[in-house]
Amino acid sequence: MESEKSMSPQVRSRAPGGAREIPTVTPGSGVGGTLAFKRDQLAFLGRGVDRYGDIFRFRPLGIPMVLVNHPDYIRHVLVDEGEKYDKNAVLFKIVRPVLRKGLIANPDMDLWRRQRRMMAPHFTPRTVSSFTRNMTDEAEQMLVRWEQSYGRGGTLDVTDEIGQLALRIVNRSLFSAQVGDIAQAFERAFGEANAILGAFFRFPFPPLSVPTPRHRRLRAAIADMDTFVSTFINRRLHEEVPTGEETDLLTLLLHTVDEADGQRMDLEQLHHEVLNICIGAYETTTNTLSWAFYLLARHPEVEAKLHAEVDSVLAGRTPTFEDLPRLPYNRMVADETLRIYSPAYQFMRRASSADVIDGYRVPAGTNMLINSYLLHRHPDFWDDPERFYPQRFTPEQVARRPKHVYVPFGSGHRVCIGKHFALSELVLVLATVARRHRLVLPPGAPEVRPEALVYPTADAAHAELMADWFTWLFLVDDQLDDGADGRSPQHLAEVMAAMRQVLSADDFGAADARRRDLPRAVSSLADLWWRTAPDATARWRRLFVRHLEQCLTTAATWEAGNRLSGTVPDEATYIEKRRHTGAIYVCMDFIDVIERIDMPDEVYDSAPFRTALDAACNVVCWTNDIYSLDKERALGEVHNLAYIVGYHHGLDRDAAMDRVTRAIGAETDLYLTAQAQLRRTFPGRAAVLEPYLAGMRSWMRGNVEWSSRTKRYQPTQTTTEPAPQEYLEATLLGSQG
Ligand code: HEM
């Protein structure tokens with residue numbers, strides 16, 4: 001049983017002079033920095049709460065952010081002082097290009113107030129009742145489809161099925177059943193926009209304003225949805241208004257007038273609102289229902305109670321709006337699912353002016369983060385928070401808890417307008433499905449855990465090995481860049497010959513003894529090679545040696561030669577060679593080692609694999625070139641794609657950058673197409689393919705992260721470093737042993 005909890009601490013507003021500072025995440029605190037935040041936001045925030053308590057400050061990517069994780073603080077931000085905290089927070093800025101002036105992200109409070117005033121009457125529990133038939137009709141039709149397709153057994157993808165259902169319900173409620181065929185085009189466009197935005201949330205680069213092919217597809221998808229919405233709006237403008245119970249939301253919104261000025265909303269605004277409703281309604285309900293079915297399948301005792309309620313209340317008939325109060329346990333299951341796996345699990349406000357929360361000073365401009373995943377597990381308010389236990393939501397239990405420790409729909413004036421719509425849908429779909437079916441997990445299905453953001457990780461030993469390889473490659477790269485020293489080419493030839501010997505030896509232990517006699521660069525290579533090679537397959541070793549040799553010889557001869565003579569290579573040759581000089585194939589080879597993959601030749605040598613690999617390598621090289629351009633130009637170097645493109649096409653810096661950025665987008669798309677083709681061509685090879693593909697994607701992403709932050713590419717840094725020749729002398733080639 002939940003026990004009553006004290007509501008400490010109290011929110012007090014102190015004079016700013018006497019205010020205390022919000023605890024700040026510091027290096028060495030064990031919480032982590034920006035990278036840790038990006039890699040696993042939930043773990044980062046969880047560590048922050050453990051270390052600092054219910055309020056703390058951090059700066060991911062330099063953005064001032066404060067997590068508030070106490071019901072009193074949340075009431076303060078969303079309700080008591082809600083007017084002070086606006087939607088100019090970073091999270092909403094990201095989605096504004098899509099949501100535009102609609103309710104969800106609109107920071108203009110006058111416009112928002114007017115819109116909310118006009119729309120709210122169509123979302124009350126009573127008015128939502130006119131849409132509940134859509135919910136049960138569509139759910140029944142889904143069950144008929146299931147019975148036709150899976151009647152004799154089979155496994156269905158519940159998230160996919162429920163996603164289609166949620167979209168049909170919202171489409172039908174907005175545009176009525178006549179939508180028919182074109183609904184599919186809308187579904188496709190919406191699915192596309194949703195997938196692209198989802199990917200953008202996980203990795204917001206480049207900005208949506210950059211016209212990469214993916215972002216152009218997003219714009220096209222938004223344009224398609226706009227066309228769809230305009231078609232319906234125009235049709236409605238010229239036809240009789242349907243009245244009575246079947247009236248859809250679009251008609252209602254089209255004819256609503258604002259009580260203050262007697263005007264309707266303009267058509268552009270109506271557009272934005274309709275899109276906001278689709279976006280607000282689709283993924284949230286889909287995810288909640290998918291989790292609910294998963295949790296029910298994992299908790300037979302809860303499932304049995306839910307079925308008992310459905311059987312006794314409905315006695316075999318389809319549920320209606322009037323049944324909702326008679327299905328309290330179904331509602332408790334929905335509430336508990338929304339507690340454990342809140343779909344809108346993170347939202348934000350920006351402090352428009354300085355404020356004080358519980359004596360803590362909040363500077364103007366701070367982004368206030370509310371994370372309901374953590375709040376809904378706050379140990380002071382929830383007993384055994386990981387347990388799926390719908391009884392927490394009996395009226396008595398709810399009354400014992402502070403209201404703002406449970407905010408799946410937000411709170412205050414910006415609370416979800418679709419809350420009653422969503423809750424009706426959740427309960428009615430649960431009951432409609434439970435009336436006829438029990439959903440069970442396939443045998444051996446793994447436990448599913450939510451993750452804010454997933455990055456493949458290497459174990460510690462591999463991470464160390466990779467770090468050592470990169471250090472070595474960087475040092476050698478710095479030396480190879482030095483074509484000016486007349487002694488270097490010959491010196492390099494000697495070193496390369498010694499390297500070849502190391503790489504071809506397979507008596508790893510015996511060769512170790514000779515290491516002292518080798519030049520330092522070769523000795524350190526030998527060390528790395530002997531730490532890597534014994535665990536690798538013979539095929540991998542052959543491949544890696546070939547790639548490393550191609551890297552070193554191309555860099556030492558072709559690139560160094562060009563630098564020495566000031567020759568600007570042509571674009572095609574540069575692209576072909578750059579992947580070698582940048583050691584990108586070598587780097588990709590590490591994926592096999594990290595993921596312990598033994599890739600079959602049949603897959604590795606196939607056309608889609610080569611395309612995916614080359615495209616991934618190009619993306620890595622070219623994003624690197626974008627960030628290193630200024631340093632290269634400062635050094636008078638020629639090896640950079642943006643430089644080469646600008647040189648050969650007579651483009652200025654911005655135009656050249658733009659061209660390379662577009663090319664990166666095109667290569668990314670090429671990669672994605674090849675990835676899909678690989679999955680189709682080798683359906684039985686998922687165990688080796690998926691980790692490899694994930695590895696390629698993290699190389700592409702990781703390189704942007706690294707290139708944009710490394711000091712290597714900041715021209716100011718280069719002046720304090722020794723000249724390349726001195727560096728070379730002082731580090732590897734000049735010193736033997
Ligand atoms: C389980 C389902 C849903 C969940 C968990 C959910 C969650 C939320 C949350 C947390 C907010 C507030 C965000 C903030 O304060 O920054 C919100 C706002 C909103 N939601 Fe929902 N939502 C759901 C379903 C729906 C549905 C079905 C619709 C439309 C029919 C909808 C439309 C909106 C709109 C338009 C807003 C903006 C309200 C405003 O600022 O005035 N949502 N939703």
# chains A, B, ... in the order shown; residues from 1 in each chain; ligands from 1
$ residues_near_ligand --ligand "ligand 1" --cutoff "6 Å" --atoms "only C-alpha atoms and all ligand atoms" --output "ChimeraX atom specification"
/A:103-104,116,276-277,280-281,284-285,288,343-344,347-348,408-410,414-419,421-422
$ residues_around --residues "Met65 (chain A)" --least-positions-apart "2" --cutoff "7 Å" --atoms "only C-alpha atoms" --output "list in words"
Arg57, Phe58, Arg59, Ile63, Leu67, Thr366, Asn367, Met368 and Leu369 of chain A
$ residues_around --residues "Phe44 (chain A)" --least-positions-apart "6" --cutoff "8 Å" --atoms "only C-alpha atoms" --output "VMD selection string"
chain A and resid 31 to 32 36 to 37
$ atom_distance --atom1 "CA of Val144 (chain A)" --atom2 "CA of Leu289 (chain A)"
18.4 Å
$ atom_distance --atom1 "CA of Pro446 (chain A)" --atom2 "CA of Asn330 (chain A)"
25.6 Å
$ closest_residue --among "A:Leu689, A:Val68, A:Met700, A:Leu295" --to "Arg349 (chain A)" --atoms "only C-alpha atoms"
A:Val68
$ residues_around --residues "region 377-393 of chain A" --least-positions-apart "4" --cutoff "10 Å" --atoms "only C-alpha atoms" --output "mmCIF file with N, CA, C and O atoms, in the first residue's frame"
data_model
loop_
_atom_site.group_PDB
_atom_site.id
_atom_site.type_symbol
_atom_site.label_atom_id
_atom_site.label_comp_id
_atom_site.auth_asym_id
_atom_site.auth_seq_id
_atom_site.Cartn_x
_atom_site.Cartn_y
_atom_site.Cartn_z
ATOM 1 N N MET A 1 0.840 -1.209 0.000
ATOM 2 C CA MET A 1 0.000 0.000 0.000
ATOM 3 C C MET A 1 0.869 1.250 0.000
ATOM 4 O O MET A 1 1.887 1.328 0.663
ATOM 5 N N GLU A 2 0.407 2.236 -0.697
ATOM 6 C CA GLU A 2 1.107 3.522 -0.673
ATOM 7 C C GLU A 2 0.850 4.182 0.681
ATOM 8 O O GLU A 2 -0.237 4.126 1.221
ATOM 9 N N SER A 3 1.852 4.793 1.233
ATOM 10 C CA SER A 3 1.625 5.507 2.485
ATOM 11 C C SER A 3 1.691 7.002 2.225
ATOM 12 O O SER A 3 2.281 7.445 1.249
ATOM 13 N N GLU A 4 1.063 7.736 3.143
ATOM 14 C CA GLU A 4 1.057 9.188 2.947
ATOM 15 C C GLU A 4 2.463 9.728 3.166
ATOM 16 O O GLU A 4 3.180 9.307 4.050
ATOM 17 N N LYS A 5 2.867 10.688 2.347
ATOM 18 C CA LYS A 5 4.220 11.235 2.458
ATOM 19 C C LYS A 5 4.137 12.709 2.813
ATOM 20 O O LYS A 5 3.226 13.406 2.404
ATOM 21 N N SER A 6 5.115 13.148 3.530
ATOM 22 C CA SER A 6 5.126 14.581 3.864
ATOM 23 C C SER A 6 5.558 15.366 2.626
ATOM 24 O O SER A 6 6.308 14.880 1.797
ATOM 25 N N MET A 7 5.064 16.562 2.512
ATOM 26 C CA MET A 7 5.373 17.364 1.335
ATOM 27 C C MET A 7 6.513 18.318 1.613
ATOM 28 O O MET A 7 6.379 19.522 1.482
ATOM 29 N N SER A 8 7.604 17.840 2.095
ATOM 30 C CA SER A 8 8.734 18.732 2.248
ATOM 31 C C SER A 8 9.548 18.643 0.972
ATOM 32 O O SER A 8 9.508 17.621 0.292
ATOM 33 N N VAL A 49 20.053 13.304 -9.581
ATOM 34 C CA VAL A 49 19.098 13.331 -8.472
ATOM 35 C C VAL A 49 19.692 12.627 -7.251
ATOM 36 O O VAL A 49 19.590 13.112 -6.124
ATOM 37 N N ASP A 54 16.501 17.130 -5.344
ATOM 38 C CA ASP A 54 15.355 17.412 -6.215
ATOM 39 C C ASP A 54 15.524 18.605 -7.141
ATOM 40 O O ASP A 54 14.612 18.922 -7.912
ATOM 41 N N ASN A 69 12.575 18.132 -9.622
ATOM 42 C CA ASN A 69 12.045 16.781 -9.457
ATOM 43 C C ASN A 69 11.283 16.639 -8.132
ATOM 44 O O ASN A 69 11.393 15.633 -7.460
ATOM 45 N N HIS A 70 10.558 17.696 -7.786
ATOM 46 C CA HIS A 70 9.744 17.627 -6.569
ATOM 47 C C HIS A 70 8.373 18.209 -6.913
ATOM 48 O O HIS A 70 8.298 19.212 -7.628
ATOM 49 N N PRO A 71 7.282 17.572 -6.409
ATOM 50 C CA PRO A 71 5.949 18.065 -6.792
ATOM 51 C C PRO A 71 5.739 19.549 -6.500
ATOM 52 O O PRO A 71 5.056 20.237 -7.273
ATOM 53 N N LEU A 295 2.894 -4.738 -20.492
ATOM 54 C CA LEU A 295 2.856 -4.903 -19.041
ATOM 55 C C LEU A 295 1.794 -5.936 -18.632
ATOM 56 O O LEU A 295 2.012 -6.742 -17.724
ATOM 57 N N LEU A 296 0.667 -5.904 -19.336
ATOM 58 C CA LEU A 296 -0.383 -6.889 -19.013
ATOM 59 C C LEU A 296 0.119 -8.308 -19.286
ATOM 60 O O LEU A 296 -0.116 -9.227 -18.503
ATOM 61 N N ARG A 298 3.053 -9.325 -19.089
ATOM 62 C CA ARG A 298 4.051 -9.707 -18.087
ATOM 63 C C ARG A 298 3.463 -9.863 -16.682
ATOM 64 O O ARG A 298 4.161 -10.315 -15.784
ATOM 65 N N HIS A 299 2.223 -9.397 -16.500
ATOM 66 C CA HIS A 299 1.626 -9.439 -15.151
ATOM 67 C C HIS A 299 0.259 -10.106 -15.217
ATOM 68 O O HIS A 299 -0.780 -9.428 -15.206
ATOM 69 N N VAL A 302 -2.648 -8.939 -12.955
ATOM 70 C CA VAL A 302 -3.304 -7.681 -13.329
ATOM 71 C C VAL A 302 -4.219 -7.934 -14.528
ATOM 72 O O VAL A 302 -5.371 -7.490 -14.571
ATOM 73 N N PRO A 328 -13.388 1.029 -13.807
ATOM 74 C CA PRO A 328 -12.336 1.729 -13.051
ATOM 75 C C PRO A 328 -10.992 1.007 -13.082
ATOM 76 O O PRO A 328 -9.942 1.652 -13.073
ATOM 77 N N TYR A 329 -11.020 -0.340 -13.124
ATOM 78 C CA TYR A 329 -9.725 -1.032 -13.101
ATOM 79 C C TYR A 329 -8.997 -0.847 -14.433
ATOM 80 O O TYR A 329 -7.778 -0.661 -14.459
ATOM 81 N N ASN A 330 -9.740 -0.838 -15.539
ATOM 82 C CA ASN A 330 -9.121 -0.556 -16.842
ATOM 83 C C ASN A 330 -8.464 0.823 -16.799
ATOM 84 O O ASN A 330 -7.357 1.021 -17.292
ATOM 85 N N ARG A 331 -9.160 1.787 -16.186
ATOM 86 C CA ARG A 331 -8.602 3.132 -16.090
ATOM 87 C C ARG A 331 -7.337 3.138 -15.211
ATOM 88 O O ARG A 331 -6.343 3.799 -15.516
ATOM 89 N N MET A 332 -7.366 2.349 -14.125
ATOM 90 C CA MET A 332 -6.190 2.302 -13.245
ATOM 91 C C MET A 332 -4.987 1.691 -13.984
ATOM 92 O O MET A 332 -3.841 2.096 -13.769
ATOM 93 N N VAL A 333 -5.272 0.714 -14.843
ATOM 94 C CA VAL A 333 -4.182 0.126 -15.647
ATOM 95 C C VAL A 333 -3.599 1.207 -16.567
ATOM 96 O O VAL A 333 -2.376 1.338 -16.713
ATOM 97 N N ALA A 334 -4.476 2.012 -17.184
ATOM 98 C CA ALA A 334 -3.992 3.094 -18.054
ATOM 99 C C ALA A 334 -3.172 4.094 -17.245
ATOM 100 O O ALA A 334 -2.072 4.508 -17.653
ATOM 101 N N ASP A 335 -3.681 4.472 -16.069
ATOM 102 C CA ASP A 335 -2.962 5.449 -15.228
ATOM 103 C C ASP A 335 -1.585 4.922 -14.813
ATOM 104 O O ASP A 335 -0.589 5.652 -14.840
ATOM 105 N N GLU A 336 -1.553 3.646 -14.423
ATOM 106 C CA GLU A 336 -0.280 3.078 -13.959
ATOM 107 C C GLU A 336 0.710 2.942 -15.129
ATOM 108 O O GLU A 336 1.922 3.135 -14.955
ATOM 109 N N THR A 337 0.186 2.626 -16.320
ATOM 110 C CA THR A 337 1.081 2.559 -17.486
ATOM 111 C C THR A 337 1.656 3.951 -17.755
ATOM 112 O O THR A 337 2.852 4.102 -18.022
ATOM 113 N N ARG A 339 2.174 6.165 -15.631
ATOM 114 C CA ARG A 339 3.167 6.485 -14.591
ATOM 115 C C ARG A 339 4.510 5.862 -14.955
ATOM 116 O O ARG A 339 5.527 6.559 -14.999
ATOM 117 N N ILE A 340 4.500 4.561 -15.238
ATOM 118 C CA ILE A 340 5.784 3.887 -15.434
ATOM 119 C C ILE A 340 6.422 4.329 -16.740
ATOM 120 O O ILE A 340 7.620 4.600 -16.799
ATOM 121 N N SER A 372 9.244 13.219 -16.189
ATOM 122 C CA SER A 372 8.259 12.454 -15.433
ATOM 123 C C SER A 372 8.699 11.003 -15.223
ATOM 124 O O SER A 372 8.194 10.336 -14.331
ATOM 125 N N TYR A 373 9.665 10.528 -16.012
ATOM 126 C CA TYR A 373 10.180 9.182 -15.755
ATOM 127 C C TYR A 373 10.759 9.131 -14.334
ATOM 128 O O TYR A 373 10.492 8.205 -13.562
ATOM 129 N N GLN A 397 -5.869 6.266 -2.756
ATOM 130 C CA GLN A 397 -4.415 6.407 -2.917
ATOM 131 C C GLN A 397 -4.080 7.711 -3.632
ATOM 132 O O GLN A 397 -3.142 8.404 -3.261
ATOM 133 N N VAL A 398 -4.865 8.040 -4.637
ATOM 134 C CA VAL A 398 -4.596 9.271 -5.384
ATOM 135 C C VAL A 398 -4.724 10.469 -4.446
ATOM 136 O O VAL A 398 -3.890 11.385 -4.468
ATOM 137 N N ALA A 399 -5.758 10.450 -3.585
ATOM 138 C CA ALA A 399 -5.993 11.591 -2.692
ATOM 139 C C ALA A 399 -4.849 11.772 -1.703
ATOM 140 O O ALA A 399 -4.612 12.868 -1.199
ATOM 141 N N ARG A 400 -4.121 10.713 -1.416
ATOM 142 C CA ARG A 400 -3.037 10.804 -0.424
ATOM 143 C C ARG A 400 -1.756 11.405 -0.978
ATOM 144 O O ARG A 400 -0.847 11.739 -0.227
ATOM 145 N N ARG A 401 -1.671 11.438 -2.275
ATOM 146 C CA ARG A 401 -0.408 11.919 -2.877
ATOM 147 C C ARG A 401 -0.536 13.367 -3.310
ATOM 148 O O ARG A 401 -1.622 13.786 -3.737
ATOM 149 N N PRO A 402 0.570 14.130 -3.254
ATOM 150 C CA PRO A 402 0.496 15.466 -3.850
ATOM 151 C C PRO A 402 0.200 15.345 -5.341
ATOM 152 O O PRO A 402 0.755 14.476 -6.025
ATOM 153 N N VAL A 405 2.979 15.080 -8.252
ATOM 154 C CA VAL A 405 3.990 14.027 -8.345
ATOM 155 C C VAL A 405 3.620 13.083 -9.494
ATOM 156 O O VAL A 405 4.316 12.123 -9.783
ATOM 157 N N TYR A 406 2.525 13.399 -10.175
ATOM 158 C CA TYR A 406 2.068 12.573 -11.310
ATOM 159 C C TYR A 406 1.571 13.516 -12.406
ATOM 160 O O TYR A 406 0.507 14.123 -12.286
#
$ residues_around --residues "Leu543 (chain A)" --least-positions-apart "6" --cutoff "12 Å" --atoms "only C-alpha atoms" --output "PDB file with C-alpha atoms, in the first residue's frame"
ATOM      1  CA  LEU A 503      52.103  -6.607 -39.480  1.00  0.00           C
ATOM      2  CA  SER A 504      53.030  -9.719 -41.404  1.00  0.00           C
ATOM      3  CA  ALA A 533      45.607  -9.377 -33.807  1.00  0.00           C
ATOM      4  CA  ALA A 536      41.036 -11.475 -34.620  1.00  0.00           C
ATOM      5  CA  THR A 537      40.289 -13.862 -37.458  1.00  0.00           C
ATOM      6  CA  GLU A 549      48.994  -0.091 -45.721  1.00  0.00           C
ATOM      7  CA  GLN A 550      46.736   1.748 -48.151  1.00  0.00           C
ATOM      8  CA  TYR A 585      38.482   1.979 -43.641  1.00  0.00           C
ATOM      9  CA  VAL A 586      40.854   1.126 -40.818  1.00  0.00           C
ATOM     10  CA  CYS A 587      38.529   2.763 -38.346  1.00  0.00           C
ATOM     11  CA  MET A 588      35.541   0.862 -39.719  1.00  0.00           C
ATOM     12  CA  ASP A 589      37.506  -2.365 -39.321  1.00  0.00           C
ATOM     13  CA  PHE A 590      37.498  -1.767 -35.585  1.00  0.00           C
ATOM     14  CA  ASP A 592      34.457  -6.107 -36.123  1.00  0.00           C
ATOM     15  CA  ASP A 598      33.252 -12.381 -38.155  1.00  0.00           C
ATOM     16  CA  MET A 599      31.666 -10.939 -41.278  1.00  0.00           C
ATOM     17  CA  ASP A 601      32.891 -12.617 -47.367  1.00  0.00           C
ATOM     18  CA  TYR A 604      31.337  -8.051 -47.026  1.00  0.00           C
ATOM     19  CA  ASP A 605      31.973  -8.283 -50.757  1.00  0.00           C
TER      20      ASP A 605
END
$ residues_around --residues "Val98 (chain A)" --least-positions-apart "3" --cutoff "9 Å" --atoms "only C-alpha atoms" --output "PDB file with N, CA and C atoms, in the first residue's frame"
ATOM      1  N   ILE A  94      13.309  23.297 -31.036  1.00  0.00           N
ATOM      2  CA  ILE A  94      13.655  22.244 -31.998  1.00  0.00           C
ATOM      3  C   ILE A  94      12.442  21.851 -32.839  1.00  0.00           C
ATOM      4  N   VAL A  95      11.271  21.740 -32.201  1.00  0.00           N
ATOM      5  CA  VAL A  95      10.114  21.220 -32.947  1.00  0.00           C
ATOM      6  C   VAL A  95       9.277  22.317 -33.609  1.00  0.00           C
ATOM      7  N   ALA A 193       7.325  12.099 -41.522  1.00  0.00           N
ATOM      8  CA  ALA A 193       7.699  13.263 -40.703  1.00  0.00           C
ATOM      9  C   ALA A 193       8.022  12.813 -39.285  1.00  0.00           C
ATOM     10  N   LEU A 197      11.604  13.307 -37.513  1.00  0.00           N
ATOM     11  CA  LEU A 197      11.705  14.108 -36.291  1.00  0.00           C
ATOM     12  C   LEU A 197      12.225  13.274 -35.124  1.00  0.00           C
ATOM     13  N   LEU A 218      11.516  15.815 -45.004  1.00  0.00           N
ATOM     14  CA  LEU A 218      10.650  16.269 -43.916  1.00  0.00           C
ATOM     15  C   LEU A 218       9.754  17.398 -44.420  1.00  0.00           C
ATOM     16  N   ARG A 219      10.400  18.354 -45.126  1.00  0.00           N
ATOM     17  CA  ARG A 219       9.604  19.470 -45.647  1.00  0.00           C
ATOM     18  C   ARG A 219       8.544  18.977 -46.613  1.00  0.00           C
ATOM     19  N   ILE A 222       5.763  17.483 -44.668  1.00  0.00           N
ATOM     20  CA  ILE A 222       4.920  18.521 -44.052  1.00  0.00           C
ATOM     21  C   ILE A 222       4.044  19.163 -45.134  1.00  0.00           C
ATOM     22  N   HIS A 272      -2.287  24.765 -38.597  1.00  0.00           N
ATOM     23  CA  HIS A 272      -1.289  24.425 -37.591  1.00  0.00           C
ATOM     24  C   HIS A 272      -1.913  23.654 -36.436  1.00  0.00           C
ATOM     25  N   LEU A 275      -2.534  20.007 -37.404  1.00  0.00           N
ATOM     26  CA  LEU A 275      -1.286  19.225 -37.369  1.00  0.00           C
ATOM     27  C   LEU A 275      -0.836  18.966 -35.943  1.00  0.00           C
ATOM     28  N   ASN A 276      -0.984  19.965 -35.080  1.00  0.00           N
ATOM     29  CA  ASN A 276      -0.594  19.773 -33.678  1.00  0.00           C
ATOM     30  C   ASN A 276      -1.425  18.677 -33.023  1.00  0.00           C
TER      31      ASN A 276
END
$ select_by_dssp --residues "region 365-478 of chain A" --states "strand (DSSP E)" --output "PyMOL selection string"
chain A and resi 367-371
$ write_last_selection --atoms "N, CA, C and O atoms" --output "PDB file, in the first residue's frame"
ATOM      1  N   ASN A 367      16.527  27.040 -18.656  1.00  0.00           N
ATOM      2  CA  ASN A 367      15.600  26.013 -19.134  1.00  0.00           C
ATOM      3  C   ASN A 367      15.262  25.101 -17.956  1.00  0.00           C
ATOM      4  O   ASN A 367      16.152  24.519 -17.351  1.00  0.00           O
ATOM      5  N   MET A 368      13.979  25.002 -17.637  1.00  0.00           N
ATOM      6  CA  MET A 368      13.560  24.155 -16.520  1.00  0.00           C
ATOM      7  C   MET A 368      13.095  22.822 -17.099  1.00  0.00           C
ATOM      8  O   MET A 368      12.184  22.782 -17.934  1.00  0.00           O
ATOM      9  N   LEU A 369      13.740  21.741 -16.659  1.00  0.00           N
ATOM     10  CA  LEU A 369      13.430  20.427 -17.218  1.00  0.00           C
ATOM     11  C   LEU A 369      12.595  19.623 -16.221  1.00  0.00           C
ATOM     12  O   LEU A 369      12.950  19.530 -15.044  1.00  0.00           O
ATOM     13  N   ILE A 370      11.486  19.086 -16.715  1.00  0.00           N
ATOM     14  CA  ILE A 370      10.652  18.201 -15.886  1.00  0.00           C
ATOM     15  C   ILE A 370      10.711  16.826 -16.527  1.00  0.00           C
ATOM     16  O   ILE A 370      10.394  16.677 -17.704  1.00  0.00           O
ATOM     17  N   ASN A 371      11.159  15.850 -15.748  1.00  0.00           N
ATOM     18  CA  ASN A 371      11.302  14.507 -16.304  1.00  0.00           C
ATOM     19  C   ASN A 371      10.359  13.583 -15.546  1.00  0.00           C
ATOM     20  O   ASN A 371      10.627  13.221 -14.393  1.00  0.00           O
TER      21      ASN A 371
END
$ select_by_dssp --residues "region 237-484 of chain A" --states "alpha helix (DSSP H)" --output "PyMOL selection string"
chain A and resi 237+249-255+267-298+300-314+328-340+372-375+395-400+419-436+460-480
$ closest_residue --among "A:Phe175, A:Arg217, A:Ala139, A:Ser628" --to "Phe232 (chain A)" --atoms "only C-alpha atoms"
A:Phe175
$ atom_distance --atom1 "CA of Ala560 (chain A)" --atom2 "CA of Val620 (chain A)"
21.0 Å
$ closest_residue --among "A:Thr124, A:Thr231, A:Thr247, A:Thr471" --to "Ala521 (chain A)" --atoms "only C-alpha atoms"
A:Thr471
